[in-house]
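Accompanying notes for the structure given below.
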There are 2 protein chains.
Amino acid sequence: MSSSSDNQKKTRGERRVTLKTIAGRLSLTPGTVSAALNNSPASKSIPEHTKQRILAAAKELNYRPNYFARSLRLQRTYTIGVIAEEIGDAYGALVISGIEEYLRKHNFFFLTVIHRHDPKLLQTYAQMLLARGVEGFITLDTSIKEKLALPTVAVSGHGRVDGVTNITLNHHLAAKLALSHLCNLGHKRIAFLKGAVVSSDAADRWKAICDVADQLGIEIDPQLVVQIDSTDSTPALGYPFAKQLLERGKPFTALLAYNDISAIGAIWAFQESGLRVPADVSVVGFDDIPSAAFNSPGLTTVRQPLQRMGQIAAKTVIDQIEGTEEYVAEIAIEPEFVVRGSTGIATSVSRTAEMSHEHRSLMEREKDTASTD
Amino acid sequence: MSSSSDNQKKTRGERRVTLKTIAGRLSLTPGTVSAALNNSPASKSIPEHTKQRILAAAKELNYRPNYFARSLRLQRTYTIGVIAEEIGDAYGALVISGIEEYLRKHNFFFLTVIHRHDPKLLQTYAQMLLARGVEGFITLDTSIKEKLALPTVAVSGHGRVDGVTNITLNHHLAAKLALSHLCNLGHKRIAFLKGAVVSSDAADRWKAICDVADQLGIEIDPQLVVQIDSTDSTPALGYPFAKQLLERGKPFTALLAYNDISAIGAIWAFQESGLRVPADVSVVGFDDIPSAAFNSPGLTTVRQPLQRMGQIAAKTVIDQIEGTEEYVAEIAIEPEFVVRGSTGIATSVSRTAEMSHEHRSLMEREKDTASTD
DNA sequence: TAATGTTATTCTAACGGACCAATAAACGCT
DNA sequence: AGCGTTTATTGGTCCGTTAGAATAACATTA
């Protein structure tokens, strides 16, 4: 009977070791023990010998200060709220992994909420986290319209909000890496898959590509640009648009896709049309998702260092909380370039146009006998 | 000056609204207000009219109870500690996503720590979480040797620990799904990639496969079984072992791989040897990672419902905390079977043996002129 | 009218820790 | 001896909340 109640207490409260416990054992008062353990200003008047006794007892009893009592007193929680759209995918997971790493090293914890595509919940969750005393927010791939009450860092935030630091990719460098790689391989006629207008950074990325293309003397032929307008997250995202590109009959030797998913879909489309990658068309992706490496051929791509972006987000928010760093509106992250098998030297004669014609006529014969031609 | 200090207070503490604030405004005491807001037993003696005044004032002032004070008083935190090996990969991320979903719906939060392959840290992190007052633990793909001080649920735990509920896949059903699928397609000679001995559930899975094969009357030829012994997490994991299988020269029409990664690697190996998948060999994977769908051909695979496993883990740990459910040592999760393009009807004549010979002689000619043959 | 019972409300004591003011000795200095 | 300073320690208060005991006001009843 008493054993069972003991057990329960042990399970629930583990016979808590408090300052009082230690103080009692050493015939001191909780205040003295507290001062010694915290190296507070008052502790400079505690004799070394007593300090040692206190430290030893604390270690022996495995004393852990009660986080709630401390937070209540100090009005600090050492906790960050992470608000994400989703973490089931590689993107969110990698960023959070980076956040965790930095925060843990700096003795912070984080609480996570995920507002799966329900923007109304954002305010609710922010309130919940606020009630839990978080000292700052990190948002992931989330559109916030107004400044929250605490230091906030947005990773790939949609749009700029005053007071919120946005961590974004250096799109200019990204474009430069991708385009100069293709340039060096001798590609002149490059096709592009533009991101959907609803995608967070599609516009920025496209602008950077245009700028860099201009610098490198690459002409962007509107005939070779296709805009993605679905938000599918399977390679089916790229497939129909690549087909569309082929049907235009304009030759090209390389494709710069909006992201890896669409690049993989485009490769499917090309291969289905009898084109070899990279022998006939080179393809460059964007992101470096795990599947990029597993694809056949391996996808050459611009890698977003997601984990590092998480770390930097964490650092930024902590610096702002501690007041060691001033607010900046934007932090650009340097992408890396990963060369795999999907890019190669440009062929002098592009087969894309003729192949697509072959393919088109095949399709017409199969499906559309009542042609307008 | 005063404006700047106001500002600071607003940013930091947001001029907290406490019970005292409300009580002061209504000329009541904090205790009364607390009772009314919590609908505590004592509140039945509070007149309706006063209750309404209190509720109205609380809403007007946007009162949020201070979580720390409350936790300190009630010794409850409504927080779970999640200890994971890693979340950068799809596995951990999906499970956490499921955990989040269930916990949030039940007004719990969770703190996450990741002990990237450093088993020593586990104890430290458990302590840190304990100090933060978590009421239970969920471990992910982590080997714990002894019971922690609180209700604990292990998702794919390595080994059984008394007092810890282990959430595992129903390997028997998984094996049945995979093997009967192959059976129905007419496959008789099936090759197997066994998981590395260090992998958490390799042994269980293999045992289940053997049992089911026996039930279905499928003979397992030791010549057609290869054991993976690396822990690579790229498809390179499967590649060399599939090659090894081919070199044995024993014909087979299907391969059941240990997981999707190794299955994809095996498909590479087969294709490189001139074998068509699924025309010559059918391949079945395990897990259903995102790349499985993006692979070409799409990978037929046994899906582990990771998100659901996370949800169930969360439910289990909460039920144990609330005492509504008794401890069970193990909960088996039903896998799903996903049919994609990598499996097809068995060819009557297997080409695997001859192709591998062809390939072998090619390799020998290229690389190894001083052959022992 | 005093005892009893309701009803409405306040008071008090935690929860565990941190900080500050107070105290009390010990010490050096004039 | 008297005085200020340093050293070592204690006590009290507060952080915001809650539970339960206490009390006040008022009505009912023996």
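Within each chain, counting starts at residue 1; across the structure tokens, chains are named A, B, ... in the order shown, with ligands numbered 1 upward in that order.
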
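Across all paired C-alpha atoms, chain A deviates from chain B by 0.5 Å RMSD after optimal superposition.
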
Cut-off 6 Å: closest segment 145-190 of chain A/segment 202-219 of chain A atom pairs per residue, using only C-alpha atoms, as JSON lines:
```
{"residue": "A:His171", "atom": "CA", "partner": "A:Arg205", "partner_atom": "CA", "distance": 5.5}
{"residue": "A:His172", "atom": "CA", "partner": "A:Ala208", "partner_atom": "CA", "distance": 4.8}
{"residue": "A:Ala175", "atom": "CA", "partner": "A:Ile209", "partner_atom": "CA", "distance": 5.1}
{"residue": "A:Lys176", "atom": "CA", "partner": "A:Val212", "partner_atom": "CA", "distance": 5.9}
```

Pick out each residue of segment 91-218 of chain B that DSSP on the backbone tags as alpha helix (DSSP H); I need them as JSON, numbers by chain. {"B": [91, 92, 93, 94, 95, 96, 97, 98, 99, 100, 101, 102, 103, 104, 105, 121, 122, 123, 124, 125, 126, 127, 128, 129, 130, 131, 171, 172, 173, 174, 175, 176, 177, 178, 179, 180, 181, 182, 183, 184, 202, 203, 204, 205, 206, 207, 208, 209, 210, 211, 212, 213, 214, 215, 216]}

Please identify every residue of segment 9-30 of chain D that has at least one atom no farther than 9 Å from an atom of segment 21-29 of chain C, counting only C-alpha atoms (C1' of nucleotides), and for each give the shortest atom pair and the distance in Å to one decimal, arranged by chain then increasing number, as JSON lines.
```
{"residue": "D:DT9", "atom": "C1'", "partner": "C:DA24", "partner_atom": "C1'", "distance": 8.4}
{"residue": "D:DT10", "atom": "C1'", "partner": "C:DT23", "partner_atom": "C1'", "distance": 7.7}
{"residue": "D:DG11", "atom": "C1'", "partner": "C:DA22", "partner_atom": "C1'", "distance": 8.0}
{"residue": "D:DG12", "atom": "C1'", "partner": "C:DA21", "partner_atom": "C1'", "distance": 8.8}
```

Selected residues written out, N, CA and C atoms (P, O5', C5', C4', C3', O3' and C1' of nucleotides), as an mmCIF file, in the first residue's frame:
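part_20.cif, written as the output of this step:
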```
data_model
loop_
_atom_site.group_PDB
_atom_site.id
_atom_site.type_symbol
_atom_site.label_atom_id
_atom_site.label_comp_id
_atom_site.auth_asym_id
_atom_site.auth_seq_id
_atom_site.Cartn_x
_atom_site.Cartn_y
_atom_site.Cartn_z
ATOM 1 P P DT D 9 28.334 31.111 5.759
ATOM 2 O "O5'" DT D 9 26.891 31.734 5.862
ATOM 3 C "C5'" DT D 9 26.451 32.099 7.190
ATOM 4 C "C4'" DT D 9 25.165 32.876 7.137
ATOM 5 C "C3'" DT D 9 24.005 32.158 6.465
ATOM 6 O "O3'" DT D 9 23.253 31.545 7.512
ATOM 7 C "C1'" DT D 9 23.974 34.526 6.174
ATOM 8 P P DT D 10 21.946 30.713 7.190
ATOM 9 O "O5'" DT D 10 20.895 31.870 7.439
ATOM 10 C "C5'" DT D 10 20.867 32.550 8.701
ATOM 11 C "C4'" DT D 10 19.818 33.643 8.646
ATOM 12 C "C3'" DT D 10 18.422 33.137 8.300
ATOM 13 O "O3'" DT D 10 17.543 33.570 9.326
ATOM 14 C "C1'" DT D 10 19.003 35.009 6.952
ATOM 15 P P DG D 11 16.149 32.831 9.431
ATOM 16 O "O5'" DG D 11 15.205 34.006 8.918
ATOM 17 C "C5'" DG D 11 15.385 35.304 9.454
ATOM 18 C "C4'" DG D 11 14.548 36.303 8.673
ATOM 19 C "C3'" DG D 11 13.149 35.786 8.316
ATOM 20 O "O3'" DG D 11 12.237 36.785 8.761
ATOM 21 C "C1'" DG D 11 14.287 36.569 6.335
ATOM 22 P P DG D 12 10.709 36.579 8.663
ATOM 23 O "O5'" DG D 12 10.395 37.459 7.365
ATOM 24 C "C5'" DG D 12 10.979 38.768 7.264
ATOM 25 C "C4'" DG D 12 10.674 39.343 5.899
ATOM 26 C "C3'" DG D 12 9.261 39.028 5.390
ATOM 27 O "O3'" DG D 12 8.734 40.242 4.870
ATOM 28 C "C1'" DG D 12 10.867 38.352 3.774
#
```

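Near chain B, the residues of chain D that fall inside 10 Å (using only C-alpha atoms (C1' of nucleotides)) are DC15, DG16, DT17, DT18, DA19 and DG20 of chain D.
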
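For chain C, the residues close to chain B, meaning within 12 Å and counting only C-alpha atoms (C1' of nucleotides), are DT6, DT7, DA8, DT9, DT10, DC11, DT12, DA13, DA14, DC15, DG16 and DG17 of chain C.
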
Can you write out the residues you just picked, keeping N, CA and C atoms (P, O5', C5', C4', C3', O3' and C1' of nucleotides), as a compact mmCIF listing (two decimals), in the first residue's frame?
```txt
# COMPACT_ATOMS: atom_id res chain seq x y z
P DT C 6 -28.06 23.91 4.53
O5' DT C 6 -28.09 25.00 3.40
C5' DT C 6 -27.38 26.20 3.66
C4' DT C 6 -27.98 27.33 2.88
C3' DT C 6 -27.27 27.53 1.55
O3' DT C 6 -28.17 28.10 0.62
C1' DT C 6 -26.72 29.28 3.06
P DT C 7 -27.81 28.09 -0.93
O5' DT C 7 -27.01 29.46 -1.06
C5' DT C 7 -27.67 30.69 -0.73
C4' DT C 7 -26.65 31.80 -0.75
C3' DT C 7 -25.72 31.81 -1.97
O3' DT C 7 -25.83 33.10 -2.55
C1' DT C 7 -24.49 32.08 0.03
P DA C 8 -25.13 33.44 -3.95
O5' DA C 8 -23.93 34.33 -3.43
C5' DA C 8 -24.21 35.56 -2.75
C4' DA C 8 -22.90 36.12 -2.26
C3' DA C 8 -21.82 36.24 -3.34
O3' DA C 8 -21.38 37.60 -3.35
C1' DA C 8 -20.96 35.17 -1.43
P DT C 9 -20.40 38.08 -4.52
O5' DT C 9 -19.02 37.91 -3.74
C5' DT C 9 -18.90 38.62 -2.51
C4' DT C 9 -17.73 38.10 -1.71
C3' DT C 9 -16.38 38.18 -2.39
O3' DT C 9 -15.76 39.40 -1.96
C1' DT C 9 -16.60 36.32 -0.91
P DT C 10 -14.34 39.79 -2.44
O5' DT C 10 -13.52 39.26 -1.19
C5' DT C 10 -13.86 39.71 0.12
C4' DT C 10 -12.98 39.00 1.12
C3' DT C 10 -11.48 39.21 0.89
O3' DT C 10 -10.90 39.56 2.14
C1' DT C 10 -11.98 36.90 1.08
P DC C 11 -9.42 40.04 2.22
O5' DC C 11 -8.75 38.78 2.92
C5' DC C 11 -9.55 38.00 3.81
C4' DC C 11 -8.71 36.90 4.44
C3' DC C 11 -7.20 37.10 4.40
O3' DC C 11 -6.70 36.64 5.63
C1' DC C 11 -7.79 35.12 3.19
P DT C 12 -5.20 36.77 6.01
O5' DT C 12 -4.67 35.32 5.58
C5' DT C 12 -5.31 34.16 6.11
C4' DT C 12 -4.56 32.93 5.65
C3' DT C 12 -3.05 33.10 5.52
O3' DT C 12 -2.47 31.99 6.17
C1' DT C 12 -3.94 32.28 3.48
P DA C 13 -0.93 31.93 6.43
O5' DA C 13 -0.58 30.63 5.59
C5' DA C 13 -1.50 29.53 5.61
C4' DA C 13 -1.21 28.63 4.42
C3' DA C 13 0.28 28.42 4.14
O3' DA C 13 0.46 27.06 3.84
C1' DA C 13 -0.78 29.18 2.20
P DA C 14 1.87 26.39 4.00
O5' DA C 14 2.69 27.17 2.85
C5' DA C 14 3.48 26.44 1.94
C4' DA C 14 2.60 25.83 0.87
C3' DA C 14 3.40 25.49 -0.36
O3' DA C 14 3.33 24.09 -0.58
C1' DA C 14 1.53 26.91 -0.90
P DC C 15 4.62 23.28 -0.86
O5' DC C 15 4.82 23.52 -2.42
C5' DC C 15 3.88 23.06 -3.38
C4' DC C 15 4.19 23.68 -4.70
C3' DC C 15 5.67 24.00 -4.89
O3' DC C 15 6.28 22.91 -5.58
C1' DC C 15 4.25 25.77 -5.70
P DG C 16 7.60 22.27 -5.00
O5' DG C 16 8.68 23.33 -5.48
C5' DG C 16 9.00 23.39 -6.86
C4' DG C 16 9.89 24.57 -7.10
C3' DG C 16 11.17 24.57 -6.27
O3' DG C 16 12.23 24.62 -7.19
C1' DG C 16 10.08 26.69 -6.17
P DG C 17 13.69 24.91 -6.79
O5' DG C 17 13.72 26.46 -7.09
C5' DG C 17 13.50 26.86 -8.43
C4' DG C 17 13.54 28.35 -8.53
C3' DG C 17 14.88 28.98 -8.16
O3' DG C 17 15.27 29.77 -9.26
C1' DG C 17 13.09 30.08 -7.04
```

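We find atom CA of Ala84 of chain A and atom CA of Ala154 of chain A to be spaced 9.9 Å apart.
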
Could you list, with a cut-off of 9 Å and counting only C-alpha atoms, the residues of chain A near chain B, each shown with its nearest atom pair and the distance in Å rounded to one decimal, rows sorted by chain and ascending number, as JSON lines?
```
{"residue": "A:Lys10", "atom": "CA", "partner": "B:Ala149", "partner_atom": "CA", "distance": 8.0}
{"residue": "A:Thr11", "atom": "CA", "partner": "B:Ala149", "partner_atom": "CA", "distance": 6.1}
{"residue": "A:Arg12", "atom": "CA", "partner": "B:Leu150", "partner_atom": "CA", "distance": 7.4}
{"residue": "A:Gly13", "atom": "CA", "partner": "B:Gln75", "partner_atom": "CA", "distance": 8.2}
{"residue": "A:Glu14", "atom": "CA", "partner": "B:Ala149", "partner_atom": "CA", "distance": 7.7}
{"residue": "A:Arg64", "atom": "CA", "partner": "B:Ala131", "partner_atom": "CA", "distance": 6.1}
{"residue": "A:Pro65", "atom": "CA", "partner": "B:Ala131", "partner_atom": "CA", "distance": 7.0}
{"residue": "A:Asn66", "atom": "CA", "partner": "B:Ala131", "partner_atom": "CA", "distance": 6.3}
{"residue": "A:Tyr67", "atom": "CA", "partner": "B:Arg132", "partner_atom": "CA", "distance": 5.5}
{"residue": "A:Phe68", "atom": "CA", "partner": "B:Phe68", "partner_atom": "CA", "distance": 5.1}
{"residue": "A:Ala69", "atom": "CA", "partner": "B:Leu72", "partner_atom": "CA", "distance": 6.1}
{"residue": "A:Arg70", "atom": "CA", "partner": "B:Phe68", "partner_atom": "CA", "distance": 8.9}
{"residue": "A:Ser71", "atom": "CA", "partner": "B:Phe68", "partner_atom": "CA", "distance": 6.6}
{"residue": "A:Leu72", "atom": "CA", "partner": "B:Phe68", "partner_atom": "CA", "distance": 5.7}
{"residue": "A:Gln75", "atom": "CA", "partner": "B:Gly13", "partner_atom": "CA", "distance": 7.8}
{"residue": "A:Glu86", "atom": "CA", "partner": "B:Ser97", "partner_atom": "CA", "distance": 7.6}
{"residue": "A:Ile87", "atom": "CA", "partner": "B:Ala93", "partner_atom": "CA", "distance": 5.9}
{"residue": "A:Gly88", "atom": "CA", "partner": "B:Leu94", "partner_atom": "CA", "distance": 4.4}
{"residue": "A:Asp89", "atom": "CA", "partner": "B:Ala90", "partner_atom": "CA", "distance": 6.3}
{"residue": "A:Ala90", "atom": "CA", "partner": "B:Ala90", "partner_atom": "CA", "distance": 5.9}
{"residue": "A:Tyr91", "atom": "CA", "partner": "B:Gly88", "partner_atom": "CA", "distance": 8.4}
{"residue": "A:Gly92", "atom": "CA", "partner": "B:Ala93", "partner_atom": "CA", "distance": 8.2}
{"residue": "A:Ala93", "atom": "CA", "partner": "B:Gly88", "partner_atom": "CA", "distance": 4.9}
{"residue": "A:Leu94", "atom": "CA", "partner": "B:Gly88", "partner_atom": "CA", "distance": 4.4}
{"residue": "A:Val95", "atom": "CA", "partner": "B:Gly88", "partner_atom": "CA", "distance": 7.8}
{"residue": "A:Ile96", "atom": "CA", "partner": "B:Gly88", "partner_atom": "CA", "distance": 7.7}
{"residue": "A:Ser97", "atom": "CA", "partner": "B:Gly88", "partner_atom": "CA", "distance": 5.7}
{"residue": "A:Gly98", "atom": "CA", "partner": "B:Gly88", "partner_atom": "CA", "distance": 8.6}
{"residue": "A:Glu100", "atom": "CA", "partner": "B:Val113", "partner_atom": "CA", "distance": 6.9}
{"residue": "A:Glu101", "atom": "CA", "partner": "B:Ile114", "partner_atom": "CA", "distance": 7.7}
{"residue": "A:Arg104", "atom": "CA", "partner": "B:Val113", "partner_atom": "CA", "distance": 7.5}
{"residue": "A:Phe109", "atom": "CA", "partner": "B:Leu111", "partner_atom": "CA", "distance": 6.6}
{"residue": "A:Phe110", "atom": "CA", "partner": "B:Leu111", "partner_atom": "CA", "distance": 5.9}
{"residue": "A:Leu111", "atom": "CA", "partner": "B:Leu111", "partner_atom": "CA", "distance": 5.5}
{"residue": "A:Thr112", "atom": "CA", "partner": "B:Phe110", "partner_atom": "CA", "distance": 7.0}
{"residue": "A:Val113", "atom": "CA", "partner": "B:Glu100", "partner_atom": "CA", "distance": 7.0}
{"residue": "A:Ile114", "atom": "CA", "partner": "B:Glu100", "partner_atom": "CA", "distance": 7.3}
{"residue": "A:Ala131", "atom": "CA", "partner": "B:Tyr67", "partner_atom": "CA", "distance": 6.3}
{"residue": "A:Arg132", "atom": "CA", "partner": "B:Tyr67", "partner_atom": "CA", "distance": 5.7}
{"residue": "A:Gly133", "atom": "CA", "partner": "B:Tyr67", "partner_atom": "CA", "distance": 7.4}
{"residue": "A:Glu135", "atom": "CA", "partner": "B:Arg12", "partner_atom": "CA", "distance": 8.2}
{"residue": "A:Ala149", "atom": "CA", "partner": "B:Thr11", "partner_atom": "CA", "distance": 6.5}
{"residue": "A:Leu150", "atom": "CA", "partner": "B:Thr11", "partner_atom": "CA", "distance": 6.5}
{"residue": "A:Pro151", "atom": "CA", "partner": "B:Thr11", "partner_atom": "CA", "distance": 8.8}
{"residue": "A:Thr234", "atom": "CA", "partner": "B:Phe294", "partner_atom": "CA", "distance": 7.3}
{"residue": "A:Pro235", "atom": "CA", "partner": "B:Phe294", "partner_atom": "CA", "distance": 6.6}
{"residue": "A:Ile261", "atom": "CA", "partner": "B:Phe294", "partner_atom": "CA", "distance": 8.6}
{"residue": "A:Ile264", "atom": "CA", "partner": "B:Phe294", "partner_atom": "CA", "distance": 7.8}
{"residue": "A:Gly265", "atom": "CA", "partner": "B:Phe294", "partner_atom": "CA", "distance": 8.5}
{"residue": "A:Trp268", "atom": "CA", "partner": "B:Ser296", "partner_atom": "CA", "distance": 8.3}
{"residue": "A:Pro290", "atom": "CA", "partner": "B:Ser291", "partner_atom": "CA", "distance": 7.6}
{"residue": "A:Ser291", "atom": "CA", "partner": "B:Ser291", "partner_atom": "CA", "distance": 5.2}
{"residue": "A:Ala292", "atom": "CA", "partner": "B:Ser291", "partner_atom": "CA", "distance": 8.8}
{"residue": "A:Ala293", "atom": "CA", "partner": "B:Thr234", "partner_atom": "CA", "distance": 8.2}
{"residue": "A:Phe294", "atom": "CA", "partner": "B:Pro235", "partner_atom": "CA", "distance": 6.6}
{"residue": "A:Asn295", "atom": "CA", "partner": "B:Asn295", "partner_atom": "CA", "distance": 6.5}
{"residue": "A:Ser296", "atom": "CA", "partner": "B:Ser296", "partner_atom": "CA", "distance": 7.8}
{"residue": "A:Gln307", "atom": "CA", "partner": "B:Gly88", "partner_atom": "CA", "distance": 8.2}
```

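Note that atom CA of Ile144 of chain A and atom CA of Gln123 of chain A are 9.2 Å apart.
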
Among segment 81-293 of chain A, which residues does DSSP mark as strand (DSSP E) when it is run on the backbone? Keep the chain and numbering as in the structure and answer as a ChimeraX atom specification. /A:81-84,109-114,136-140,152-155,164-169,190-194,225-227,254-256,282-287

Excluding DG5 of chain C and any residue of its chain fewer than 3 positions from it, enumerate the residues within 12 Å of it, using only C-alpha atoms (C1' of nucleotides), and give them as a ChimeraX atom specification. /D:26-29

How would the residues just chosen look if you wrote them out with C-alpha atoms (C1' of nucleotides) as a PDB file, in the first residue's frame?
```pdb
ATOM      1  C1'  DC D  26     -28.067  37.260   5.597  1.00  0.00           C
ATOM      2  C1'  DA D  27     -32.060  34.186   6.086  1.00  0.00           C
ATOM      3  C1'  DT D  28     -34.195  30.434   8.513  1.00  0.00           C
ATOM      4  C1'  DT D  29     -35.702  27.981  12.419  1.00  0.00           C
TER       5       DT D  29
END
```

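Between atom CA of Val338 of chain B and atom CA of Val302 of chain B the interatomic distance comes to 6.1 Å.
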